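run.tsv follows (TSV, C-alpha atoms):
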```
chain	number	residue	atom	x	y	z
A	132	MET	CA	90.71	64.33	76.54
A	133	GLU	CA	92.81	63.05	79.43
A	134	ARG	CA	93.11	66.57	80.87
A	135	ILE	CA	89.35	66.98	80.80
A	136	PHE	CA	89.01	63.64	82.59
A	137	VAL	CA	91.44	64.79	85.32
A	138	LEU	CA	89.55	68.06	85.71
A	139	VAL	CA	86.21	66.28	86.00
A	140	ILE	CA	87.59	63.91	88.66
A	141	VAL	CA	89.18	66.70	90.74
A	142	PHE	CA	86.15	68.98	90.55
A	143	GLY	CA	83.84	66.05	91.30
A	144	ILE	CA	85.85	65.30	94.44
A	145	THR	CA	85.76	69.00	95.32
A	146	TYR	CA	81.99	69.09	94.90
A	147	LEU	CA	81.53	66.06	97.15
A	148	MET	CA	83.85	67.57	99.77
A	149	ILE	CA	81.96	70.86	99.75
A	150	LYS	CA	78.62	69.07	100.06
A	151	SER	CA	79.81	66.95	102.99
A	152	PHE	CA	81.89	69.54	104.90
A	153	TYR	CA	79.79	72.66	104.28
A	154	PRO	CA	76.19	71.55	103.59
A	155	TYR	CA	74.52	74.90	104.36
A	156	ASN	CA	77.06	77.70	104.07
A	157	ILE	CA	80.36	77.47	102.23
A	158	GLY	CA	82.07	80.37	104.02
A	159	LYS	CA	85.68	81.42	103.72
A	160	TYR	CA	87.09	77.95	104.45
A	161	GLY	CA	84.96	76.47	101.69
A	162	LEU	CA	86.28	79.09	99.28
A	163	ILE	CA	89.84	78.25	100.36
A	164	LEU	CA	89.08	74.57	99.66
A	165	ILE	CA	87.68	75.39	96.22
A	166	ILE	CA	90.65	77.60	95.30
A	167	SER	CA	93.23	75.09	96.54
A	168	ASN	CA	91.58	72.24	94.62
A	169	ALA	CA	91.40	74.41	91.49
A	170	LEU	CA	95.14	75.10	91.81
A	171	LEU	CA	95.76	71.38	92.36
A	172	ALA	CA	93.77	70.55	89.24
A	173	GLY	CA	95.77	73.11	87.26
A	174	TYR	CA	99.03	71.59	88.52
A	175	LEU	CA	97.98	68.02	87.74
A	176	ILE	CA	97.27	68.80	84.07
A	177	LEU	CA	100.60	70.53	83.42
A	178	PRO	CA	103.03	68.71	81.11
A	179	SER	CA	105.51	66.58	83.02
A	180	PRO	CA	109.18	67.58	82.84
A	181	SER	CA	110.49	64.14	81.87
A	182	ASN	CA	107.83	63.50	79.22
A	183	PRO	CA	106.22	66.61	77.67
A	184	MET	CA	103.42	64.50	76.19
A	185	GLY	CA	102.53	63.18	79.67
A	186	LEU	CA	100.84	64.94	82.56
A	187	MET	CA	102.15	65.80	86.01
A	188	TYR	CA	99.80	63.40	87.76
A	189	GLN	CA	101.41	60.57	85.76
A	190	GLU	CA	104.85	61.72	86.87
A	191	ILE	CA	103.75	61.85	90.52
A	192	LEU	CA	102.06	58.46	90.33
A	193	ARG	CA	105.11	56.93	88.66
A	194	GLY	CA	107.35	58.34	91.39
A	195	ILE	CA	105.13	56.98	94.16
A	196	LEU	CA	104.90	53.51	92.65
A	197	LYS	CA	108.63	53.26	91.94
A	198	SER	CA	109.81	54.72	95.26
A	199	SER	CA	110.49	51.28	96.71
A	200	MET	CA	112.44	50.06	93.68
A	201	HIS	CA	116.12	50.73	93.14
A	202	ALA	CA	117.08	53.20	90.49
A	203	THR	CA	118.63	51.82	87.32
A	204	GLY	CA	121.81	53.77	88.11
A	205	ASP	CA	122.36	51.86	91.37
A	206	LEU	CA	124.57	49.29	89.72
A	207	THR	CA	127.73	48.15	91.43
A	208	ALA	CA	130.78	48.67	89.31
A	209	ILE	CA	133.09	45.70	89.38
A	210	THR	CA	136.69	46.77	89.00
A	211	GLU	CA	139.88	44.90	89.53
A	212	ASN	CA	141.51	45.42	92.86
A	213	LYS	CA	144.95	47.07	92.64
A	214	LYS	CA	146.40	44.48	95.03
A	215	ARG	CA	145.32	41.73	92.66
A	216	GLU	CA	146.93	43.50	89.73
A	217	GLU	CA	150.26	43.83	91.53
A	218	LYS	CA	150.55	40.08	92.26
```
Now that the file is in, can you turn its structure into structure tokens?
Amino acid sequence: MERIFVLVIVFGITYLMIKSFYPYNIGKYGLILIISNALLAGYLILPSPSNPMGLMYQEILRGILKSSMHATGDLTAITENKKREEK
């Protein structure tokens, strides 16, 4: 159901773009816009690599929202200094 929702949103945006940019004649640039948005919609509904039950748009959105946060692996390891051990 979520994939259908994504498809409806993308094709709705495509329809509005076609109506506003090319009101009388779609032409070759309108066809390029339709094809590129269809490919985008196909990409957005693919399963995400980190979570096969999720969709790619969720993976992209998660990456954008967490881009300003530090990764969980950015922890500073605290080790004893060798000079301290020698004393």
Test item: residues at most 7 Å from region 139-144 of chain A, all atoms listed in the file, excluding those fewer than 4 positions along its chain, as a PDB file with C-alpha atoms, in the frame of the given file:
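Dumped to part.pdb:
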```pdb
ATOM      1  CA  ILE A 135      89.350  66.980  80.800  1.00  0.00           C
ATOM      2  CA  MET A 148      83.850  67.570  99.770  1.00  0.00           C
ATOM      3  CA  ALA A 172      93.770  70.550  89.240  1.00  0.00           C
TER       4      ALA A 172
END
```
Could you jot down the CA of Arg193 (chain A) to CA of Pro178 (chain A) separation for me, Å, one decimal place?
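Going from CA of Arg193 (chain A) over to CA of Pro178 (chain A) covers 14.1 Å.
CA of Leu138 (chain A) sits 11.4 Å away from CA of Tyr188 (chain A).
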What gap, in Å, lies between CA of Ile176 (chain A) and CA of Arg134 (chain A)?
5.7 Å
Excluding Tyr174 (chain A) and residues on its chain fewer than 6 positions from it, collect all residues at most 10 Å away from it, counting all atoms listed in the file, and give them as a list in words.
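Selected residues are Asn168, Leu186, Met187 and Tyr188 of chain A.
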Please determine, counting only C-alpha atoms, which residue among A:Phe152, A:Leu175, A:Leu162, A:Pro180 has the shortest atom-to-atom distance to Leu192 (chain A).
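Selected residue with least distance to Leu192 (chain A): A:Leu175.
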Counting all atoms listed in the file, which residue out of A:Ile149, A:Ser179, A:Met132, A:Tyr155 sits closest to Gly194 (chain A)?
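When distances to Gly194 (chain A) are compared using all atoms listed in the file, the smallest one comes from A:Ser179.
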Which residue out of A:Glu133, A:Lys197, A:Pro154, A:Thr145 has the minimum interatomic distance to Ile166 (chain A) when all atoms listed in the file are used?
A:Thr145
